[in-house]
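*Asks:* Next up, upload-v9.pdb (PDB, C-alpha atoms and all ligand atoms).
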```pdb
ATOM      1  CA  MET A  25       3.947  25.338 -11.488
ATOM      2  CA  LYS A  26       6.479  26.854  -9.109
ATOM      3  CA  GLN A  27      10.078  26.759 -10.334
ATOM      4  CA  PHE A  28      12.270  24.181  -8.623
ATOM      5  CA  GLN A  29      15.876  23.036  -8.589
ATOM      6  CA  TYR A  30      16.689  19.578  -9.998
ATOM      7  CA  VAL A  31      19.496  17.625  -8.318
ATOM      8  CA  ARG A  32      20.908  14.172  -8.991
ATOM      9  CA  PRO A  33      23.061  13.079  -6.036
ATOM     10  CA  ALA A  34      25.750  10.504  -6.887
ATOM     11  CA  THR A  35      25.363   8.324  -3.802
ATOM     12  CA  ILE A  36      22.747   7.316  -1.238
ATOM     13  CA  GLN A  37      24.667   9.312   1.373
ATOM     14  CA  ALA A  38      24.621  12.404  -0.832
ATOM     15  CA  ALA A  39      20.870  11.947  -1.373
ATOM     16  CA  LEU A  40      20.366  11.726   2.401
ATOM     17  CA  ASP A  41      22.323  14.978   2.818
ATOM     18  CA  VAL A  42      20.010  16.746   0.358
ATOM     19  CA  ILE A  43      16.703  15.427   1.720
ATOM     20  CA  SER A  44      17.700  16.267   5.297
ATOM     21  CA  LYS A  45      17.094  19.928   4.388
ATOM     22  CA  PRO A  46      13.459  21.123   4.206
ATOM     23  CA  GLY A  47      11.758  21.775   0.875
ATOM     24  CA  SER A  48      13.069  18.786  -1.090
ATOM     25  CA  LYS A  49      11.124  15.893  -2.592
ATOM     26  CA  ILE A  50      12.456  12.620  -3.928
ATOM     27  CA  ILE A  51      11.454  11.654  -7.455
ATOM     28  CA  ALA A  52      11.707   8.168  -8.998
ATOM     29  CA  GLY A  53       8.962   7.241 -11.503
ATOM     30  CA  GLY A  54       7.164  10.511 -10.807
ATOM     31  CA  THR A  55       3.737   8.995 -11.497
ATOM     32  CA  ASN A  56       2.197  10.695  -8.458
ATOM     33  CA  LEU A  57       4.585  13.556  -7.606
ATOM     34  CA  VAL A  58       4.338  15.228 -11.017
ATOM     35  CA  ASP A  59       0.519  15.236 -10.818
ATOM     36  CA  LEU A  60       0.678  16.750  -7.337
ATOM     37  CA  MET A  61       3.069  19.467  -8.537
ATOM     38  CA  LYS A  62       1.003  20.288 -11.625
ATOM     39  CA  ARG A  63      -2.099  20.739  -9.484
ATOM     40  CA  GLY A  64      -0.294  22.859  -6.886
ATOM     41  CA  VAL A  65      -0.888  20.342  -4.095
ATOM     42  CA  THR A  66       2.841  20.242  -3.442
ATOM     43  CA  ALA A  67       5.474  22.773  -4.483
ATOM     44  CA  PRO A  68       8.991  21.600  -3.588
ATOM     45  CA  ASP A  69      12.039  23.861  -3.906
ATOM     46  CA  LYS A  70      14.214  20.943  -4.899
ATOM     47  CA  ILE A  71      13.555  17.670  -6.763
ATOM     48  CA  VAL A  72      15.974  14.900  -5.833
ATOM     49  CA  ASP A  73      16.259  12.362  -8.661
ATOM     50  CA  ILE A  74      17.337   8.994  -7.222
ATOM     51  CA  ASN A  75      16.825   6.853 -10.343
ATOM     52  CA  HIS A  76      20.530   6.084 -10.821
ATOM     53  CA  LEU A  77      21.168   4.998  -7.196
ATOM     54  CA  PRO A  78      21.847   1.280  -6.491
ATOM     55  CA  LEU A  79      18.332   0.566  -5.206
ATOM     56  CA  LYS A  80      17.109  -1.730  -7.979
ATOM     57  CA  GLY A  81      16.884  -5.468  -8.320
ATOM     58  CA  ILE A  82      15.165  -8.480  -6.832
ATOM     59  CA  SER A  83      17.250 -10.952  -4.832
ATOM     60  CA  GLU A  84      16.402 -14.640  -4.467
ATOM     61  CA  PRO A  85      16.392 -16.766  -1.309
ATOM     62  CA  ILE A  86      19.853 -18.376  -1.138
ATOM     63  CA  GLY A  87      21.015 -21.009   1.387
ATOM     64  CA  ASN A  88      19.745 -20.108   4.837
ATOM     65  CA  VAL A  89      18.446 -16.725   3.716
ATOM     66  CA  MET A  90      14.697 -17.349   3.562
ATOM     67  CA  THR A  91      13.698 -13.944   2.289
ATOM     68  CA  VAL A  92      13.302 -12.146  -1.009
ATOM     69  CA  SER A  93      14.498  -8.571  -1.206
ATOM     70  CA  ILE A  94      12.987  -6.059  -3.644
ATOM     71  CA  GLY A  95      14.856  -2.803  -4.243
ATOM     72  CA  ALA A  96      12.976   0.460  -3.746
ATOM     73  CA  LEU A  97      13.582   1.370  -7.400
ATOM     74  CA  ALA A  98      12.350  -1.942  -8.839
ATOM     75  CA  LEU A  99       9.532  -1.175 -11.247
ATOM     76  CA  ASN A 100       6.012  -2.366 -10.442
ATOM     77  CA  SER A 101       5.822  -4.227 -13.774
ATOM     78  CA  GLU A 102       9.247  -5.813 -13.264
ATOM     79  CA  VAL A 103       8.216  -7.192  -9.848
ATOM     80  CA  ALA A 104       4.792  -8.341 -11.069
ATOM     81  CA  GLU A 105       6.306 -10.290 -13.978
ATOM     82  CA  ASN A 106       9.368 -11.676 -12.170
ATOM     83  CA  SER A 107       9.225 -15.477 -12.383
ATOM     84  CA  ARG A 108      10.397 -16.044  -8.781
ATOM     85  CA  ILE A 109       7.890 -13.515  -7.415
ATOM     86  CA  LYS A 110       5.128 -15.278  -9.371
ATOM     87  CA  GLU A 111       6.244 -18.614  -7.987
ATOM     88  CA  LEU A 112       6.850 -17.587  -4.348
ATOM     89  CA  PHE A 113       4.389 -14.722  -3.895
ATOM     90  CA  PRO A 114       1.631 -14.910  -6.543
ATOM     91  CA  LEU A 115      -0.458 -12.695  -4.245
ATOM     92  CA  LEU A 116       2.003  -9.823  -4.768
ATOM     93  CA  SER A 117       2.062 -10.322  -8.506
ATOM     94  CA  MET A 118      -1.762 -10.307  -8.660
ATOM     95  CA  ALA A 119      -2.005  -7.161  -6.528
ATOM     96  CA  LEU A 120       0.549  -5.302  -8.654
ATOM     97  CA  ASN A 121      -1.200  -6.243 -11.868
ATOM     98  CA  ALA A 122      -4.520  -5.057 -10.395
ATOM     99  CA  GLY A 123      -3.047  -1.574  -9.869
ATOM    100  CA  ALA A 124      -3.011   1.348 -12.318
ATOM    101  CA  SER A 125      -2.351   0.728 -16.048
ATOM    102  CA  PRO A 126       0.493  -1.086 -17.851
ATOM    103  CA  GLN A 127       2.048   2.281 -18.756
ATOM    104  CA  LEU A 128       2.034   3.442 -15.139
ATOM    105  CA  ARG A 129       3.337   0.106 -13.855
ATOM    106  CA  ASN A 130       6.267   0.460 -16.261
ATOM    107  CA  MET A 131       7.234   3.770 -14.630
ATOM    108  CA  ALA A 132       6.148   3.395 -10.996
ATOM    109  CA  THR A 133       8.638   2.023  -8.485
ATOM    110  CA  VAL A 134       8.059  -0.061  -5.361
ATOM    111  CA  GLY A 135       9.205   2.782  -3.092
ATOM    112  CA  GLY A 136       7.061   5.295  -4.970
ATOM    113  CA  ASN A 137       4.038   3.018  -4.754
ATOM    114  CA  MET A 138       4.437   2.995  -0.971
ATOM    115  CA  MET A 139       4.832   6.787  -0.836
ATOM    116  CA  GLN A 140       1.924   7.687  -3.147
ATOM    117  CA  ARG A 141      -0.645   9.967  -1.604
ATOM    118  CA  THR A 142      -4.395   9.556  -1.250
ATOM    119  CA  ARG A 143      -6.642  10.053  -4.276
ATOM    120  CA  CYS A 144      -9.293  11.948  -2.257
ATOM    121  CA  GLY A 145     -10.720  14.554  -4.655
ATOM    122  CA  TYR A 146     -10.671  17.313  -2.020
ATOM    123  CA  PHE A 147      -6.945  16.720  -1.453
ATOM    124  CA  TYR A 148      -6.266  17.390  -5.148
ATOM    125  CA  ASP A 149      -8.579  20.439  -5.392
ATOM    126  CA  THR A 150      -6.717  23.379  -3.864
ATOM    127  CA  THR A 151      -9.921  25.453  -3.681
ATOM    128  CA  MET A 152     -11.459  22.987  -1.186
ATOM    129  CA  PRO A 153     -10.823  22.410   2.532
ATOM    130  CA  CYS A 154      -8.514  19.505   3.302
ATOM    131  CA  ASN A 155      -6.688  18.822   6.562
ATOM    132  CA  LYS A 156      -4.219  16.556   4.813
ATOM    133  CA  ARG A 157      -3.144  19.160   2.248
ATOM    134  CA  GLN A 158      -3.476  22.146   4.595
ATOM    135  CA  PRO A 159      -3.867  21.228   8.280
ATOM    136  CA  GLY A 160      -6.650  23.051  10.099
ATOM    137  CA  THR A 161      -8.776  23.865   7.034
ATOM    138  CA  GLY A 162     -11.308  21.071   7.628
ATOM    139  CA  CYS A 163     -12.243  17.913   5.764
ATOM    140  CA  GLY A 164     -14.355  18.381   2.645
ATOM    141  CA  ALA A 165     -15.070  14.671   2.360
ATOM    142  CA  MET A 166     -16.548  14.219   5.829
ATOM    143  CA  GLU A 167     -19.933  15.682   4.805
ATOM    144  CA  GLY A 168     -19.211  15.677   1.072
ATOM    145  CA  VAL A 169     -18.478  13.150  -1.649
ATOM    146  CA  ASN A 170     -16.956  10.196   0.189
ATOM    147  CA  ARG A 171     -17.777   7.146  -1.904
ATOM    148  CA  MET A 172     -14.109   6.027  -2.010
ATOM    149  CA  HIS A 173     -13.348   6.768   1.641
ATOM    150  CA  ALA A 174     -12.452   4.877   4.813
ATOM    151  CA  ILE A 175     -14.688   2.716   6.984
ATOM    152  CA  PHE A 176     -11.896   1.751   9.398
ATOM    153  CA  GLY A 177      -9.428   3.765  11.481
ATOM    154  CA  ALA A 178     -10.541   7.222  10.345
ATOM    155  CA  SER A 179     -10.478  10.307  12.583
ATOM    156  CA  ASP A 180     -12.558  13.483  12.734
ATOM    157  CA  GLN A 181      -9.695  15.097  10.793
ATOM    158  CA  CYS A 182      -9.525  12.797   7.760
ATOM    159  CA  ILE A 183     -11.339   9.791   6.268
ATOM    160  CA  ALA A 184      -9.015   9.233   3.285
ATOM    161  CA  VAL A 185      -7.718   5.818   2.196
ATOM    162  CA  HIS A 186      -4.297   4.732   0.989
ATOM    163  CA  PRO A 187      -4.718   3.899  -2.702
ATOM    164  CA  SER A 188      -2.123   1.159  -3.216
ATOM    165  CA  ASP A 189      -2.862  -2.461  -4.164
ATOM    166  CA  MET A 190       0.756  -3.603  -3.825
ATOM    167  CA  CYS A 191       0.903  -2.426  -0.211
ATOM    168  CA  VAL A 192      -2.136  -4.525   0.741
ATOM    169  CA  ALA A 193      -0.367  -7.670  -0.460
ATOM    170  CA  LEU A 194       2.911  -6.695   1.254
ATOM    171  CA  ALA A 195       1.066  -6.152   4.551
ATOM    172  CA  ALA A 196      -0.533  -9.600   4.243
ATOM    173  CA  LEU A 197       2.868 -11.134   3.409
ATOM    174  CA  ASP A 198       4.418  -9.695   6.606
ATOM    175  CA  ALA A 199       7.076  -7.761   4.692
ATOM    176  CA  THR A 200       9.636  -5.486   6.330
ATOM    177  CA  VAL A 201      10.869  -2.151   4.987
ATOM    178  CA  GLU A 202      14.562  -1.282   5.206
ATOM    179  CA  VAL A 203      15.159   2.455   5.343
ATOM    180  CA  ALA A 204      18.381   4.467   5.366
ATOM    181  CA  GLY A 205      18.939   7.657   7.325
ATOM    182  CA  LYS A 206      21.950   9.715   8.328
ATOM    183  CA  LYS A 207      22.209   7.643  11.524
ATOM    184  CA  GLY A 208      22.201   4.360   9.593
ATOM    185  CA  LYS A 209      19.633   1.724   8.643
ATOM    186  CA  ARG A 210      16.441   0.792  10.422
ATOM    187  CA  TYR A 211      13.654  -1.696   9.736
ATOM    188  CA  ILE A 212       9.893  -1.062   9.850
ATOM    189  CA  HIS A 213       7.317  -3.844   9.799
ATOM    190  CA  PHE A 214       5.176  -3.259   6.717
ATOM    191  CA  ALA A 215       1.935  -3.137   8.712
ATOM    192  CA  ASP A 216       3.470  -0.242  10.709
ATOM    193  CA  PHE A 217       4.895   1.686   7.760
ATOM    194  CA  HIS A 218       1.702   3.610   6.951
ATOM    195  CA  ARG A 219      -0.192   5.341   9.735
ATOM    196  CA  LEU A 220      -3.749   6.263  10.649
ATOM    197  CA  PRO A 221      -4.730   9.933  10.280
ATOM    198  CA  GLY A 222      -5.412  10.750  13.965
ATOM    199  CA  GLU A 223      -4.723  14.409  14.697
ATOM    200  CA  LYS A 224      -2.024  14.655  12.003
ATOM    201  CA  PRO A 225      -3.563  13.529   8.691
ATOM    202  CA  GLN A 226      -0.856  15.399   6.768
ATOM    203  CA  ILE A 227       1.587  12.613   7.750
ATOM    204  CA  ASP A 228       0.937   9.465   5.703
ATOM    205  CA  ASN A 229       3.597   7.134   7.084
ATOM    206  CA  ASN A 230       6.344   6.577   9.625
ATOM    207  CA  LEU A 231       9.256   7.321   7.281
ATOM    208  CA  ALA A 232      11.125  10.355   8.651
ATOM    209  CA  PRO A 233      11.579  13.286   6.216
ATOM    210  CA  ASP A 234      15.345  12.626   6.113
ATOM    211  CA  GLU A 235      15.042   8.885   5.405
ATOM    212  CA  LEU A 236      15.006   6.905   2.168
ATOM    213  CA  ILE A 237      13.393   3.520   1.434
ATOM    214  CA  VAL A 238      16.137   1.043   0.464
ATOM    215  CA  ARG A 239      14.264  -2.219  -0.061
ATOM    216  CA  VAL A 240      11.322  -4.371   0.972
ATOM    217  CA  ILE A 241      12.085  -7.777   2.461
ATOM    218  CA  ILE A 242       9.522 -10.592   2.249
ATOM    219  CA  PRO A 243       9.920 -13.816   4.238
ATOM    220  CA  THR A 244       9.216 -16.973   2.244
ATOM    221  CA  ASN A 245       6.034 -18.794   3.260
ATOM    222  CA  ASN A 246       3.691 -21.662   2.436
ATOM    223  CA  PHE A 247       0.893 -19.536   0.959
ATOM    224  CA  SER A 248       1.780 -19.733  -2.715
ATOM    225  CA  ARG A 249      -0.772 -22.459  -3.559
ATOM    226  CA  ASN A 250      -3.683 -20.776  -1.820
ATOM    227  CA  SER A 251      -3.634 -17.017  -2.198
ATOM    228  CA  TYR A 252      -5.754 -14.492  -4.057
ATOM    229  CA  TYR A 253      -6.080 -10.749  -4.536
ATOM    230  CA  LEU A 254      -9.635  -9.589  -5.218
ATOM    231  CA  LYS A 255     -10.163  -5.950  -6.158
ATOM    232  CA  ILE A 256     -13.649  -4.477  -6.518
ATOM    233  CA  ARG A 257     -13.642  -1.258  -8.539
ATOM    234  CA  ASP A 258     -15.894   0.873 -10.719
ATOM    235  CA  ARG A 259     -13.955   0.134 -13.939
ATOM    236  CA  GLN A 260     -12.093  -3.056 -14.639
ATOM    237  CA  SER A 261      -9.585  -1.288 -16.905
ATOM    238  CA  TYR A 262      -8.156   1.264 -14.485
ATOM    239  CA  ALA A 263      -9.568   2.442 -11.160
ATOM    240  CA  PHE A 264      -8.690   2.567  -7.492
ATOM    241  CA  ALA A 265     -10.233  -0.037  -5.212
ATOM    242  CA  LEU A 266     -13.605   0.447  -3.616
ATOM    243  CA  VAL A 267     -12.608  -2.566  -1.548
ATOM    244  CA  SER A 268      -9.797  -5.035  -2.123
ATOM    245  CA  VAL A 269      -8.759  -8.128  -0.193
ATOM    246  CA  ALA A 270      -5.433  -9.976  -0.077
ATOM    247  CA  ALA A 271      -6.115 -13.487   1.177
ATOM    248  CA  ALA A 272      -3.484 -16.164   1.822
ATOM    249  CA  LEU A 273      -4.102 -19.570   3.362
ATOM    250  CA  GLU A 274      -1.996 -22.567   4.274
ATOM    251  CA  ILE A 275      -4.308 -25.567   4.031
ATOM    252  CA  ASP A 276      -3.553 -29.145   5.036
ATOM    253  CA  ASN A 277      -6.190 -31.806   4.317
ATOM    254  CA  GLY A 278      -8.933 -29.195   4.199
ATOM    255  CA  ILE A 279      -7.898 -27.606   7.527
ATOM    256  CA  ILE A 280      -6.442 -24.090   7.664
ATOM    257  CA  LYS A 281      -3.026 -24.090   9.327
ATOM    258  CA  ASN A 282      -2.245 -20.416   8.797
ATOM    259  CA  ALA A 283      -4.098 -17.416   7.380
ATOM    260  CA  ARG A 284      -3.271 -13.875   6.325
ATOM    261  CA  LEU A 285      -5.806 -11.240   5.368
ATOM    262  CA  ALA A 286      -5.498  -7.559   4.526
ATOM    263  CA  MET A 287      -7.874  -5.058   2.958
ATOM    264  CA  GLY A 288      -7.372  -2.055   0.719
ATOM    265  CA  GLY A 289      -9.685   0.865  -0.032
ATOM    266  CA  VAL A 290     -11.034   0.879   3.509
ATOM    267  CA  ALA A 291      -8.462   2.715   5.671
ATOM    268  CA  HIS A 292      -5.610   5.232   5.693
ATOM    269  CA  LYS A 293      -3.254   2.217   5.605
ATOM    270  CA  PRO A 294      -3.424  -1.394   4.424
ATOM    271  CA  TRP A 295      -5.822  -2.915   6.930
ATOM    272  CA  ARG A 296      -4.745  -6.255   8.423
ATOM    273  CA  LEU A 297      -7.583  -8.469   9.679
ATOM    274  CA  PHE A 298      -5.813 -10.106  12.621
ATOM    275  CA  GLU A 299      -8.911 -11.348  14.462
ATOM    276  CA  ALA A 300     -10.304 -12.963  11.327
ATOM    277  CA  GLU A 301      -6.912 -14.610  10.648
ATOM    278  CA  GLN A 302      -6.818 -16.093  14.157
ATOM    279  CA  PHE A 303     -10.391 -17.331  13.855
ATOM    280  CA  LEU A 304      -9.595 -19.236  10.665
ATOM    281  CA  VAL A 305      -6.637 -21.205  12.057
ATOM    282  CA  GLY A 306      -7.697 -24.796  12.781
ATOM    283  CA  LYS A 307     -11.006 -24.407  10.939
ATOM    284  CA  THR A 308     -12.244 -26.179   7.829
ATOM    285  CA  ALA A 309     -11.727 -24.188   4.633
ATOM    286  CA  SER A 310     -15.448 -23.653   4.009
ATOM    287  CA  GLU A 311     -17.648 -20.800   2.838
ATOM    288  CA  GLU A 312     -19.427 -20.819   6.196
ATOM    289  CA  ASN A 313     -16.190 -20.235   8.123
ATOM    290  CA  PHE A 314     -15.037 -17.621   5.632
ATOM    291  CA  ALA A 315     -18.297 -15.689   6.126
ATOM    292  CA  LYS A 316     -17.844 -15.879   9.919
ATOM    293  CA  ALA A 317     -14.284 -14.560   9.582
ATOM    294  CA  ALA A 318     -15.587 -11.726   7.390
ATOM    295  CA  GLY A 319     -18.135 -10.856  10.079
ATOM    296  CA  LEU A 320     -15.357 -10.626  12.689
ATOM    297  CA  ALA A 321     -13.301  -8.453  10.343
ATOM    298  CA  MET A 322     -16.053  -5.839  10.182
ATOM    299  CA  LYS A 323     -16.025  -5.002  13.898
ATOM    300  CA  GLY A 324     -15.624  -1.243  14.300
ATOM    301  CA  ALA A 325     -16.458  -0.390  10.670
ATOM    302  CA  VAL A 326     -18.201   2.989  10.251
ATOM    303  CA  GLY A 327     -19.791   4.407   7.098
ATOM    304  CA  HIS A 328     -19.992   8.103   6.255
ATOM    305  CA  GLY A 329     -22.987   8.147   3.916
ATOM    306  CA  GLY A 330     -21.544   7.925   0.431
ATOM    307  CA  ASN A 331     -19.302   5.005   1.356
ATOM    308  CA  SER A 332     -21.747   3.123   3.606
ATOM    309  CA  PHE A 333     -22.271   0.537   0.861
ATOM    310  CA  LYS A 334     -18.785  -0.720   1.785
ATOM    311  CA  LEU A 335     -20.205  -2.092   5.048
ATOM    312  CA  LYS A 336     -21.844  -4.822   2.951
ATOM    313  CA  LEU A 337     -19.352  -4.928   0.112
ATOM    314  CA  ALA A 338     -16.318  -5.491   2.356
ATOM    315  CA  PRO A 339     -17.450  -8.724   4.099
ATOM    316  CA  ALA A 340     -18.738 -10.094   0.775
ATOM    317  CA  THR A 341     -15.324  -9.374  -0.784
ATOM    318  CA  ILE A 342     -13.460 -11.021   2.102
ATOM    319  CA  THR A 343     -15.588 -14.163   1.781
ATOM    320  CA  GLU A 344     -15.162 -14.272  -1.993
ATOM    321  CA  ALA A 345     -11.391 -13.725  -1.821
ATOM    322  CA  LEU A 346     -11.049 -16.553   0.710
ATOM    323  CA  LYS A 347     -13.125 -18.869  -1.490
ATOM    324  CA  HIS A 348     -10.815 -18.122  -4.414
ATOM    325  CA  ALA A 349      -7.715 -18.618  -2.242
ATOM    326  CA  ALA A 350      -9.040 -21.972  -1.002
ATOM    327  CA  GLY A 351      -9.921 -23.103  -4.526
ATOM    328  CA  LEU A 352     -13.663 -23.297  -3.768
ATOM    329  CA  VAL A 353     -14.533 -21.282  -6.895
TER
HETATM  330 FE1  LIG A 401      -8.473  15.917   2.992
HETATM  331 FE2  LIG A 401      -8.522  13.576   4.220
HETATM  332 FE3  LIG A 401     -10.682  15.052   4.239
HETATM  333 FE4  LIG A 401      -9.860  13.971   1.939
HETATM  334  S1  LIG A 401     -10.586  12.856   3.709
HETATM  335  S2  LIG A 401     -10.592  16.086   2.323
HETATM  336  S3  LIG A 401      -7.644  13.969   2.224
HETATM  337  S4  LIG A 401      -8.720  15.591   5.161
END
```
Translate this structure into structure tokens?
*Replies:*
Amino acid sequence: MKQFQYVRPATIQAALDVISKPGSKIIAGGTNLVDLMKRGVTAPDKIVDINHLPLKGISEPIGNVMTVSIGALALNSEVAENSRIKELFPLLSMALNAGASPQLRNMATVGGNMMQRTRCGYFYDTTMPCNKRQPGTGCGAMEGVNRMHAIFGASDQCIAVHPSDMCVALAALDATVEVAGKKGKRYIHFADFHRLPGEKPQIDNNLAPDELIVRVIIPTNNFSRNSYYLKIRDRQSYAFALVSVAAALEIDNGIIKNARLAMGGVAHKPWRLFEAEQFLVGKTASEENFAKAAGLAMKGAVGHGGNSFKLKLAPATITEALKHAAGLV
């Protein structure tokens, strides 16, 4: 591993000063960055440890404030087991507990979970071509082993997926990300935080290199009684999603008043199913309507050989997740 300098800035402003210079990487839990460094995928000159900065904690909705705020340094396990999160957003708790292992969830932070990089095998193997790791070298997965890869929103440069479960739930819950930069704060809608690969697959998200995630803000909602996170994976104990679905419904007398759907394991970002959501509003909460919504959600899906089984698995998972959310199973 290349030698690097370790710095521990005392304030958020000092951290922003350091990361505004090229060659630095932020470290929090380190559950992804350390792997990337050990394998030579990334080789920063400077590691910026932010663990002591005031970016922890989970706030409650108080008075007219109808949001919950989760600090960027809140641990995945802490959020998943928080009693108010379980009560208000069981979907988020389920998604977090579906991710990684208990040991990793005890180290990984919310901000780090958002910033984790793809688990595409060619990205981690520095002897193989990969446009994301080294732009212009080609994509090993396109004609290679692509069982885990994207069926939506891919480009001819990259067909990788974002590996997070937590982010799929946060996209479905319409969260907002607060980020800090040298010019001040700005807010990014969660569905716009991660990006599609396009011509620049090396860029995973819309956070500028000199910005820091401060917190994630989730508006309260009426989905807590009817939500479900279904993750299909090769091993139940610990594996990334082949396909996952975050489903949330607001149901009144059997009729769907509001719906939110997002998928994981199928795109370079959490994939919101807006057309399927709109279709479900005003419909009976039935398996037939859920299957129709799943059909709409699959418009534009493209397989690449090894992952073509997802073209059938994805709509089946959407239907099943909606049945669970509606209490039909
Ligand atoms: Fe690299 Fe993306 Fe191709 Fe994987 S899918 S080899 S990450 S360019």
*Asks:* Compile the contact shell of segment 123-127 of chain A as a ChimeraX atom specification: residues with an atom at most 10 Å away, counting only C-alpha atoms, same-chain residues fewer than 5 positions apart removed.
*Replies:* /A:100-101,118,132,137,187-190,255,261-265
*Asks:* Output C-alpha atoms for every residue in that selection, as a PDB file, keeping the file's coordinate frame.
*Replies:*
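New file selection_15.pdb:
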```
ATOM      1  CA  ASN A 100       6.012  -2.366 -10.442  1.00  0.00           C
ATOM      2  CA  SER A 101       5.822  -4.227 -13.774  1.00  0.00           C
ATOM      3  CA  MET A 118      -1.762 -10.307  -8.660  1.00  0.00           C
ATOM      4  CA  ALA A 132       6.148   3.395 -10.996  1.00  0.00           C
ATOM      5  CA  ASN A 137       4.038   3.018  -4.754  1.00  0.00           C
ATOM      6  CA  PRO A 187      -4.718   3.899  -2.702  1.00  0.00           C
ATOM      7  CA  SER A 188      -2.123   1.159  -3.216  1.00  0.00           C
ATOM      8  CA  ASP A 189      -2.862  -2.461  -4.164  1.00  0.00           C
ATOM      9  CA  MET A 190       0.756  -3.603  -3.825  1.00  0.00           C
ATOM     10  CA  LYS A 255     -10.163  -5.950  -6.158  1.00  0.00           C
ATOM     11  CA  SER A 261      -9.585  -1.288 -16.905  1.00  0.00           C
ATOM     12  CA  TYR A 262      -8.156   1.264 -14.485  1.00  0.00           C
ATOM     13  CA  ALA A 263      -9.568   2.442 -11.160  1.00  0.00           C
ATOM     14  CA  PHE A 264      -8.690   2.567  -7.492  1.00  0.00           C
ATOM     15  CA  ALA A 265     -10.233  -0.037  -5.212  1.00  0.00           C
TER      16      ALA A 265
END
```
*Asks:* Between atom CA of His173 of chain A and atom CA of Leu99 of chain A, what is the distance, to one decimal in Å?
*Replies:*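 Computing the Euclidean distance for atom CA of His173 of chain A and atom CA of Leu99 of chain A yields 27.4 Å.
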*Asks:* Counting all atoms listed in the file, which residues of chain A sit at most 10 Å from some atom of ligand LIG 401 (chain A), and what is each one's closest atom pair with its distance in Å to one decimal, listed by chain and rising residue number, as CSV?
*Replies:*
```
residue,atom,partner,partner_atom,distance
A:Arg141,CA,A:LIG401,S3,8.9
A:Thr142,CA,A:LIG401,S3,6.5
A:Arg143,CA,A:LIG401,S3,7.7
A:Cys144,CA,A:LIG401,FE4,4.7
A:Gly145,CA,A:LIG401,FE4,6.7
A:Tyr146,CA,A:LIG401,S2,4.5
A:Phe147,CA,A:LIG401,S3,4.6
A:Tyr148,CA,A:LIG401,S3,8.2
A:Asp149,CA,A:LIG401,S2,9.1
A:Met152,CA,A:LIG401,S2,7.8
A:Pro153,CA,A:LIG401,S2,6.3
A:Cys154,CA,A:LIG401,FE1,3.6
A:Asn155,CA,A:LIG401,S4,4.1
A:Lys156,CA,A:LIG401,S4,4.6
A:Arg157,CA,A:LIG401,FE1,6.3
A:Gln158,CA,A:LIG401,FE1,8.1
A:Pro159,CA,A:LIG401,S4,8.1
A:Gly160,CA,A:LIG401,S4,9.2
A:Thr161,CA,A:LIG401,S4,8.5
A:Gly162,CA,A:LIG401,S4,6.5
A:Cys163,CA,A:LIG401,FE3,3.6
A:Gly164,CA,A:LIG401,S2,4.4
A:Ala165,CA,A:LIG401,S2,4.7
A:Met166,CA,A:LIG401,FE3,6.1
A:Glu167,CA,A:LIG401,FE3,9.3
A:Gly168,CA,A:LIG401,S2,8.7
A:Val169,CA,A:LIG401,S2,9.3
A:Asn170,CA,A:LIG401,S1,7.7
A:Met172,CA,A:LIG401,S1,9.6
A:His173,CA,A:LIG401,S1,7.0
A:Ala174,CA,A:LIG401,S1,8.3
A:Ala178,CA,A:LIG401,S1,8.7
A:Ser179,CA,A:LIG401,FE2,9.2
A:Asp180,CA,A:LIG401,S4,8.7
A:Gln181,CA,A:LIG401,S4,5.7
A:Cys182,CA,A:LIG401,FE2,3.8
A:Ile183,CA,A:LIG401,S1,4.1
A:Ala184,CA,A:LIG401,S1,4.0
A:Val185,CA,A:LIG401,S1,7.7
A:His186,CA,A:LIG401,S3,9.9
A:Pro221,CA,A:LIG401,FE2,8.0
A:Lys224,CA,A:LIG401,S4,9.6
A:Pro225,CA,A:LIG401,S4,6.6
A:Gln226,CA,A:LIG401,S4,8.0
A:His292,CA,A:LIG401,FE2,9.0
```
*Asks:* For Ser93 of chain A, which of A:Asp216, A:Glu202, A:Glu299, A:Glu344 is the closest residue, counting all atoms listed in the file?
*Replies:*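 Looking at the shortest contact to Ser93 of chain A, the residue is A:Glu202.
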*Asks:* Applying 7 Å and all atoms listed in the file, which residues near Glu301 of chain A remain after dropping the ones on its own chain fewer than 4 positions away? List them as number ranges by chain.
*Replies:* A: 283-285, 297, 305
*Asks:* Expanded to explicit residues, what is the PyMOL selection byres (((chain A and resi 69-72) around 10) and not hetatm) for this file, as a ChimeraX atom specification?
*Replies:* /A:26-33,39-40,42-43,45-52,57,66-68,73-75
*Asks:* Fewer than 6 positions away in the same chain doesn't count, so skip those; otherwise give me all residues within 12 Å of segment 110-113 of chain A, counting all atoms listed in the file, as an MDAnalysis selection string.
*Replies:* chainID A and resid 84:85 90:92 101:104 119:121 190 193:194 196:199 242:253 270:272
*Asks:* Please identify all polymer residues within 7 Å of segment 323-328 of chain A, counting only C-alpha atoms, omitting same-chain residues fewer than 3 positions from it, and present them as a list in words.
*Replies:*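 Listed by chain and then number, they are Ile175, Phe176, Leu320, Asn331, Ser332 and Leu335 of chain A.
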*Asks:* Box for segment 156-174 of chain A - axis-aligned, 5 Å on each of the six sides, all listed atoms - centre and size in Å to one decimal, as lines of an AutoDock Vina configuration file.
*Replies:*
```
center_x = -11.5
center_y = 14.4
center_z = 4.0
size_x = 26.8
size_y = 29.0
size_z = 22.1
```
*Asks:* Return the single residue from A:Ala318, A:Ile227, A:Cys191, A:Ala309 that is closest to Asp276 of chain A, with distances computed using only C-alpha atoms.
*Replies:*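 So, comparing all the options, the nearest one is A:Ala309.
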*Asks:* For each of A:Val65, A:Ala349, A:Val290, A:Leu236, take the minimum atom-to-atom distance to Met139 of chain A, counting all atoms listed in the file, then give the residue where this is smallest.
*Replies:* A:Leu236
